[in-house]
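Please read the structure below before turning to the comments.
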Amino acid sequence: MKGLALAGAGSAGFGGYALAEPLWVGVTRYAVSPPGWLSGLSLRIAVLTDLHVCEPWLGIDRLRGIVARTNALMPDLVVMLGDYVRGRGMMSLWSRDVPHEDWAAVLAGLKAPLGVHAVLGNHDWWDDLDAQERRGGPVRSRIALEAAGIAVYENDAVRFEKDGLPFWIAGLGDQWAFWDPLKPELGLTGVDDLEGTLDKVRDDAPVLLMVHEPDIFPQVPSRVALTVAGHTHGGQITIGGFAPAVPSKYGRRYVHGHIVEDERNLIVSAGLGCSKIPMRLGAPPEIVLITVETGNNVA
């Protein structure tokens with residue numbers, strides 16, 4: 001109901017602008033120097049999230065353009081933070097699905113020396129009715145990504161090196177994986193295991209943590225150098241900087257941007273696609289490029 005009300009307001013008040021804004025993709029850049037980051041370790045991280053691939057809003061042609069633009073940024077690594085599919089619900093009124101193998105094949109074109117790394121989002125789980133029924137994966141999005149050669153993390157961590165200096169990439173299972181619209185009293189339950197994920201980090205090298213929903217951030221220990229998240233779409237529709245509907249129990253606390261709490265760093269991307277309604281206003285889609293190194297001024 002909120003989505004329909006916002007759609008009506010947006011159509012009446014802003015017309016073509018709100019519908020066209022999803023077609024514009026900018027690059028948002030951050031420079032971060034987390035406590036304990038290794039001197040001499042410089043990483044350029046491209047972040048893609050919340051693609052919600054569907055025709056005609058973010059279809060195969062636009063996805064190819066996003067991949068080409070990401071590659072042109074020459075990142076050291078690419079992280080993708082979930083919600084690759086349109087999802088079920090109101091978006092089906094305005095769009096049509098793209099086969100999983102088609103969008104995954106386009107994402108296989110992403111290039112970075114340290115690889116492409118992914119986690120799943122709630123819509124990747126909700127889209128797969130068989131997974132919802134059996135209360136477990138693998139979901140179709142994971143199968144498609146892995147078939148395209150993209151590593152999918154679910155409560156896992158892998159150690160890497162750049163210029164002889166180590167760091168870890170960790171990925172959390174989705175926090176909203178299961179939801180039954182016929183039994184809303186059961187609430188949202190996840191497959192996330194933060195403690196188990198970080199237990200796989202076996203030395204003191206810095207950790208980059210990929211999550212879909214930012215709500216986990218208050219539980220993330222200072223051991224993690226940087227957490228990156230999506231899910232909120234930056235509010236998707238904001239008016240005068242106010243986002244009336246943010247899918248988070250913390251409201252607007254983690255809606256978008258670089259958040260620092262107790263010297264712990266979180267960056268939340270507004271993502272690229274649309275959820276529920278094919279409209280963005282005041283929260284344009286973005287590719288995020290993060291430079292992490294010692295001595296950076298936080299930007």
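Residues in the structure tokens are numbered from 1 in each chain, the chains being A, B, ... in the order shown, and ligands are numbered from 1 in the order shown.
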
Among the residues of segment 24-156 of chain A, find those DSSP assigns to alpha helix (DSSP H) from the backbone and print them as a PyMOL selection string. chain A and resi 60-72+100-107+122-126+129-134+140-147

DSSP on the backbone: which residues in segment 2-240 of chain A end up as strand (DSSP E)? Give the answer as number ranges by chain. A: 26-32, 43-48, 54-55, 77-80, 96-97, 116-118, 151-152, 156-162, 165-171, 207-210, 226-229

Env of Val106 of chain A: 9 Å cut, atoms = only C-alpha atoms, seq-sep filter 4 positions within chain, self excluded. Answer as a PyMOL selection string. chain A and resi 60+63-64+67+101-102+110+148

Could you take the residues named above and write them with all heavy atoms, as a compact mmCIF listing (two decimals), in the first residue's frame?
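So result.txt came out as:
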# COMPACT_ATOMS: atom_id res chain seq x y z
N ILE A 60 18.87 -6.47 -20.15
CA ILE A 60 20.18 -6.96 -20.56
C ILE A 60 21.05 -5.86 -21.15
O ILE A 60 22.25 -5.77 -20.85
CB ILE A 60 20.02 -8.12 -21.56
CG1 ILE A 60 19.47 -9.36 -20.83
CG2 ILE A 60 21.35 -8.46 -22.22
CD1 ILE A 60 20.39 -9.92 -19.75
N LEU A 63 22.29 -3.65 -18.41
CA LEU A 63 23.22 -4.41 -17.58
C LEU A 63 24.59 -4.49 -18.24
O LEU A 63 25.62 -4.36 -17.57
CB LEU A 63 22.66 -5.81 -17.32
CG LEU A 63 23.45 -6.68 -16.34
CD1 LEU A 63 23.55 -6.01 -14.97
CD2 LEU A 63 22.81 -8.06 -16.21
N ARG A 64 24.61 -4.66 -19.55
CA ARG A 64 25.90 -4.66 -20.26
C ARG A 64 26.60 -3.32 -20.08
O ARG A 64 27.82 -3.26 -19.91
CB ARG A 64 25.67 -4.94 -21.75
CG ARG A 64 25.28 -6.38 -22.07
CD ARG A 64 25.41 -6.65 -23.56
NE ARG A 64 24.94 -7.98 -23.91
CZ ARG A 64 23.76 -8.25 -24.45
NH1 ARG A 64 22.93 -7.25 -24.75
NH2 ARG A 64 23.40 -9.50 -24.73
N VAL A 67 28.14 -3.17 -16.60
CA VAL A 67 29.35 -3.98 -16.55
C VAL A 67 30.52 -3.25 -17.22
O VAL A 67 31.63 -3.21 -16.67
CB VAL A 67 29.10 -5.36 -17.20
CG1 VAL A 67 30.42 -6.12 -17.43
CG2 VAL A 67 28.17 -6.19 -16.33
N GLU A 101 20.04 -17.35 -16.37
CA GLU A 101 21.29 -17.61 -17.09
C GLU A 101 21.69 -16.45 -17.99
O GLU A 101 22.88 -16.24 -18.26
CB GLU A 101 21.17 -18.90 -17.92
CG GLU A 101 20.06 -18.92 -18.94
CD GLU A 101 18.74 -19.43 -18.42
OE1 GLU A 101 18.54 -19.43 -17.17
OE2 GLU A 101 17.88 -19.82 -19.24
N ASP A 102 20.73 -15.63 -18.41
CA ASP A 102 21.03 -14.49 -19.28
C ASP A 102 21.71 -13.36 -18.51
O ASP A 102 22.74 -12.84 -18.93
CB ASP A 102 19.76 -13.99 -19.96
CG ASP A 102 19.21 -14.97 -20.99
OD1 ASP A 102 19.88 -15.99 -21.25
OD2 ASP A 102 18.11 -14.72 -21.52
N LEU A 110 32.33 -9.05 -15.90
CA LEU A 110 33.04 -8.18 -14.97
C LEU A 110 34.48 -8.67 -14.83
O LEU A 110 34.73 -9.88 -14.68
CB LEU A 110 32.36 -8.19 -13.60
CG LEU A 110 31.00 -7.47 -13.53
CD1 LEU A 110 30.26 -7.87 -12.27
CD2 LEU A 110 31.20 -5.95 -13.58
N ALA A 148 28.23 -19.13 -13.92
CA ALA A 148 28.92 -18.09 -14.69
C ALA A 148 30.33 -17.82 -14.17
O ALA A 148 31.00 -16.91 -14.66
CB ALA A 148 28.10 -16.80 -14.66

Distance query Thr294 of chain A at most 8 Å, only C-alpha atoms, self and fewer than 4 positions along chain excluded, as an MDAnalysis selection string: chainID A and resid 32:34 37:42

Export all heavy atoms of the chosen residues as a PDB file, in the first residue's frame?
ATOM      1  N   VAL A  32      38.427   5.663   2.247  1.00  0.00           N
ATOM      2  CA  VAL A  32      38.280   5.239   3.631  1.00  0.00           C
ATOM      3  C   VAL A  32      39.608   4.719   4.159  1.00  0.00           C
ATOM      4  O   VAL A  32      40.328   3.998   3.454  1.00  0.00           O
ATOM      5  CB  VAL A  32      37.202   4.129   3.750  1.00  0.00           C
ATOM      6  CG1 VAL A  32      36.973   3.751   5.202  1.00  0.00           C
ATOM      7  CG2 VAL A  32      35.902   4.575   3.100  1.00  0.00           C
ATOM      8  N   SER A  33      39.911   5.060   5.398  1.00  0.00           N
ATOM      9  CA  SER A  33      41.106   4.552   6.067  1.00  0.00           C
ATOM     10  C   SER A  33      40.690   3.968   7.410  1.00  0.00           C
ATOM     11  O   SER A  33      40.710   4.655   8.430  1.00  0.00           O
ATOM     12  CB  SER A  33      42.136   5.666   6.265  1.00  0.00           C
ATOM     13  OG  SER A  33      43.315   5.145   6.848  1.00  0.00           O
ATOM     14  N   PRO A  34      40.293   2.698   7.448  1.00  0.00           N
ATOM     15  CA  PRO A  34      39.787   2.111   8.690  1.00  0.00           C
ATOM     16  C   PRO A  34      40.912   1.912   9.705  1.00  0.00           C
ATOM     17  O   PRO A  34      42.077   1.728   9.337  1.00  0.00           O
ATOM     18  CB  PRO A  34      39.230   0.750   8.242  1.00  0.00           C
ATOM     19  CG  PRO A  34      39.158   0.800   6.753  1.00  0.00           C
ATOM     20  CD  PRO A  34      40.222   1.753   6.322  1.00  0.00           C
ATOM     21  N   TRP A  37      44.106  -0.748   9.345  1.00  0.00           N
ATOM     22  CA  TRP A  37      44.373  -1.126   7.958  1.00  0.00           C
ATOM     23  C   TRP A  37      45.883  -1.188   7.718  1.00  0.00           C
ATOM     24  O   TRP A  37      46.635  -0.374   8.249  1.00  0.00           O
ATOM     25  CB  TRP A  37      43.731  -0.133   6.998  1.00  0.00           C
ATOM     26  CG  TRP A  37      43.694  -0.614   5.579  1.00  0.00           C
ATOM     27  CD1 TRP A  37      44.494  -0.211   4.558  1.00  0.00           C
ATOM     28  CD2 TRP A  37      42.811  -1.588   5.032  1.00  0.00           C
ATOM     29  NE1 TRP A  37      44.170  -0.871   3.400  1.00  0.00           N
ATOM     30  CE2 TRP A  37      43.136  -1.735   3.660  1.00  0.00           C
ATOM     31  CE3 TRP A  37      41.779  -2.362   5.562  1.00  0.00           C
ATOM     32  CZ2 TRP A  37      42.455  -2.618   2.819  1.00  0.00           C
ATOM     33  CZ3 TRP A  37      41.108  -3.237   4.727  1.00  0.00           C
ATOM     34  CH2 TRP A  37      41.446  -3.356   3.381  1.00  0.00           C
ATOM     35  N   LEU A  38      46.329  -2.146   6.932  1.00  0.00           N
ATOM     36  CA  LEU A  38      47.755  -2.361   6.736  1.00  0.00           C
ATOM     37  C   LEU A  38      48.371  -1.254   5.887  1.00  0.00           C
ATOM     38  O   LEU A  38      47.863  -0.933   4.804  1.00  0.00           O
ATOM     39  CB  LEU A  38      47.996  -3.710   6.059  1.00  0.00           C
ATOM     40  CG  LEU A  38      47.632  -4.964   6.867  1.00  0.00           C
ATOM     41  CD1 LEU A  38      47.888  -6.204   6.028  1.00  0.00           C
ATOM     42  CD2 LEU A  38      48.414  -5.023   8.164  1.00  0.00           C
ATOM     43  N   SER A  39      49.464  -0.694   6.366  1.00  0.00           N
ATOM     44  CA  SER A  39      50.189   0.309   5.598  1.00  0.00           C
ATOM     45  C   SER A  39      50.713  -0.307   4.304  1.00  0.00           C
ATOM     46  O   SER A  39      51.287  -1.389   4.305  1.00  0.00           O
ATOM     47  CB  SER A  39      51.361   0.844   6.421  1.00  0.00           C
ATOM     48  OG  SER A  39      52.100   1.786   5.680  1.00  0.00           O
ATOM     49  N   GLY A  40      50.456   0.374   3.190  1.00  0.00           N
ATOM     50  CA  GLY A  40      50.895  -0.123   1.892  1.00  0.00           C
ATOM     51  C   GLY A  40      49.859  -0.942   1.151  1.00  0.00           C
ATOM     52  O   GLY A  40      50.026  -1.238  -0.033  1.00  0.00           O
ATOM     53  N   LEU A  41      48.759  -1.314   1.847  1.00  0.00           N
ATOM     54  CA  LEU A  41      47.695  -2.070   1.195  1.00  0.00           C
ATOM     55  C   LEU A  41      46.644  -1.088   0.680  1.00  0.00           C
ATOM     56  O   LEU A  41      45.930  -0.448   1.458  1.00  0.00           O
ATOM     57  CB  LEU A  41      47.054  -3.055   2.174  1.00  0.00           C
ATOM     58  CG  LEU A  41      45.864  -3.867   1.640  1.00  0.00           C
ATOM     59  CD1 LEU A  41      46.252  -4.690   0.414  1.00  0.00           C
ATOM     60  CD2 LEU A  41      45.283  -4.765   2.739  1.00  0.00           C
ATOM     61  N   SER A  42      46.562  -0.966  -0.629  1.00  0.00           N
ATOM     62  CA  SER A  42      45.586  -0.085  -1.262  1.00  0.00           C
ATOM     63  C   SER A  42      44.642  -0.927  -2.110  1.00  0.00           C
ATOM     64  O   SER A  42      45.089  -1.696  -2.965  1.00  0.00           O
ATOM     65  CB  SER A  42      46.297   0.960  -2.133  1.00  0.00           C
ATOM     66  OG  SER A  42      45.350   1.780  -2.794  1.00  0.00           O
TER      67      SER A  42
END

Can you measure atom CA of Trp103 of chain A to atom CA of Ser275 of chain A for me? One decimal in Å is fine.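 One can read the atom CA of Trp103 of chain A to atom CA of Ser275 of chain A distance as 17.2 Å.
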
Shortest interatomic distance to Ile290 of chain A - which of A:Ala112, A:Asp50, A:Asp174, A:Ile267, counting only C-alpha atoms: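 Once distances to Ile290 of chain A are computed over only C-alpha atoms, the minimum belongs to A:Ile267.
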
Taking into account only C-alpha atoms, which residue in the set A:Leu198, A:Leu172, A:Met80, A:Ala72 is nearest to Ile216 of chain A?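 Ranked by minimum distance to Ile216 of chain A, first place goes to A:Leu172.
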
Near segment 125-131 of chain A, within 9 Å and counting only C-alpha atoms, which residues show up once chain neighbours fewer than 3 positions away are dropped, as an NGL selection string? :A and (83 or 85-88 or 120-122 or 134-141 or 174 or 176-180)

For each of A:Val207, A:Asp193, A:Ile143, A:Gln219, take the minimum atom-to-atom distance to Arg159 of chain A, counting only C-alpha atoms, then give the residue where this is smallest.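 For Arg159 of chain A, the nearest of the given residues is A:Val207.
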
Find the distance between atom CA of Gly196 of chain A and atom CA of Ala270 of chain A and write it in Å to one decimal.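 That distance, rounded to one decimal, is 27.8 Å.
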
Name the residues in contact with Thr227 of chain A at a cut-off of 8 Å, using only C-alpha atoms, excluding same-chain residues fewer than 2 positions from it; report them as a ChimeraX atom specification. /A:208-211,217,224-225,229,265-267

Store the residues picked out above, limited to C-alpha atoms, as an mmCIF file, in the first residue's frame.
data_model
loop_
_atom_site.group_PDB
_atom_site.id
_atom_site.type_symbol
_atom_site.label_atom_id
_atom_site.label_comp_id
_atom_site.auth_asym_id
_atom_site.auth_seq_id
_atom_site.Cartn_x
_atom_site.Cartn_y
_atom_site.Cartn_z
ATOM 1 C CA LEU A 208 36.085 -6.741 4.168
ATOM 2 C CA LEU A 209 32.567 -7.956 5.031
ATOM 3 C CA MET A 210 29.855 -8.200 2.349
ATOM 4 C CA VAL A 211 26.244 -8.152 3.558
ATOM 5 C CA PHE A 217 26.032 -3.632 11.459
ATOM 6 C CA VAL A 224 36.035 -6.039 10.576
ATOM 7 C CA ALA A 225 37.733 -3.155 8.770
ATOM 8 C CA ALA A 229 25.772 -3.301 2.225
ATOM 9 C CA ASN A 265 33.002 1.712 8.989
ATOM 10 C CA LEU A 266 29.900 0.868 6.938
ATOM 11 C CA ILE A 267 29.150 1.933 3.366
#

Figure out the distance between atom CA of Gly164 of chain A and atom CA of Leu81 of chain A, please, to one decimal in Å. 26.8 Å

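You can rank A:Leu114, A:Leu226, A:Ala151, A:Ala245 by their closest distance to Pro35 of chain A using only C-alpha atoms, and at the top of that list sits A:Leu226.
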
Between A:Arg280, A:His231, A:Lys249, A:Arg223, which has the minimum distance to Val25 of chain A (counting only C-alpha atoms)?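 Checking each candidate against Val25 of chain A, we get A:Arg280 as the closest.
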
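Closest approach to Gly187 of chain A among A:Gln175, A:Val152, A:Ala243, A:Glu133: A:Gln175, based on only C-alpha atoms.
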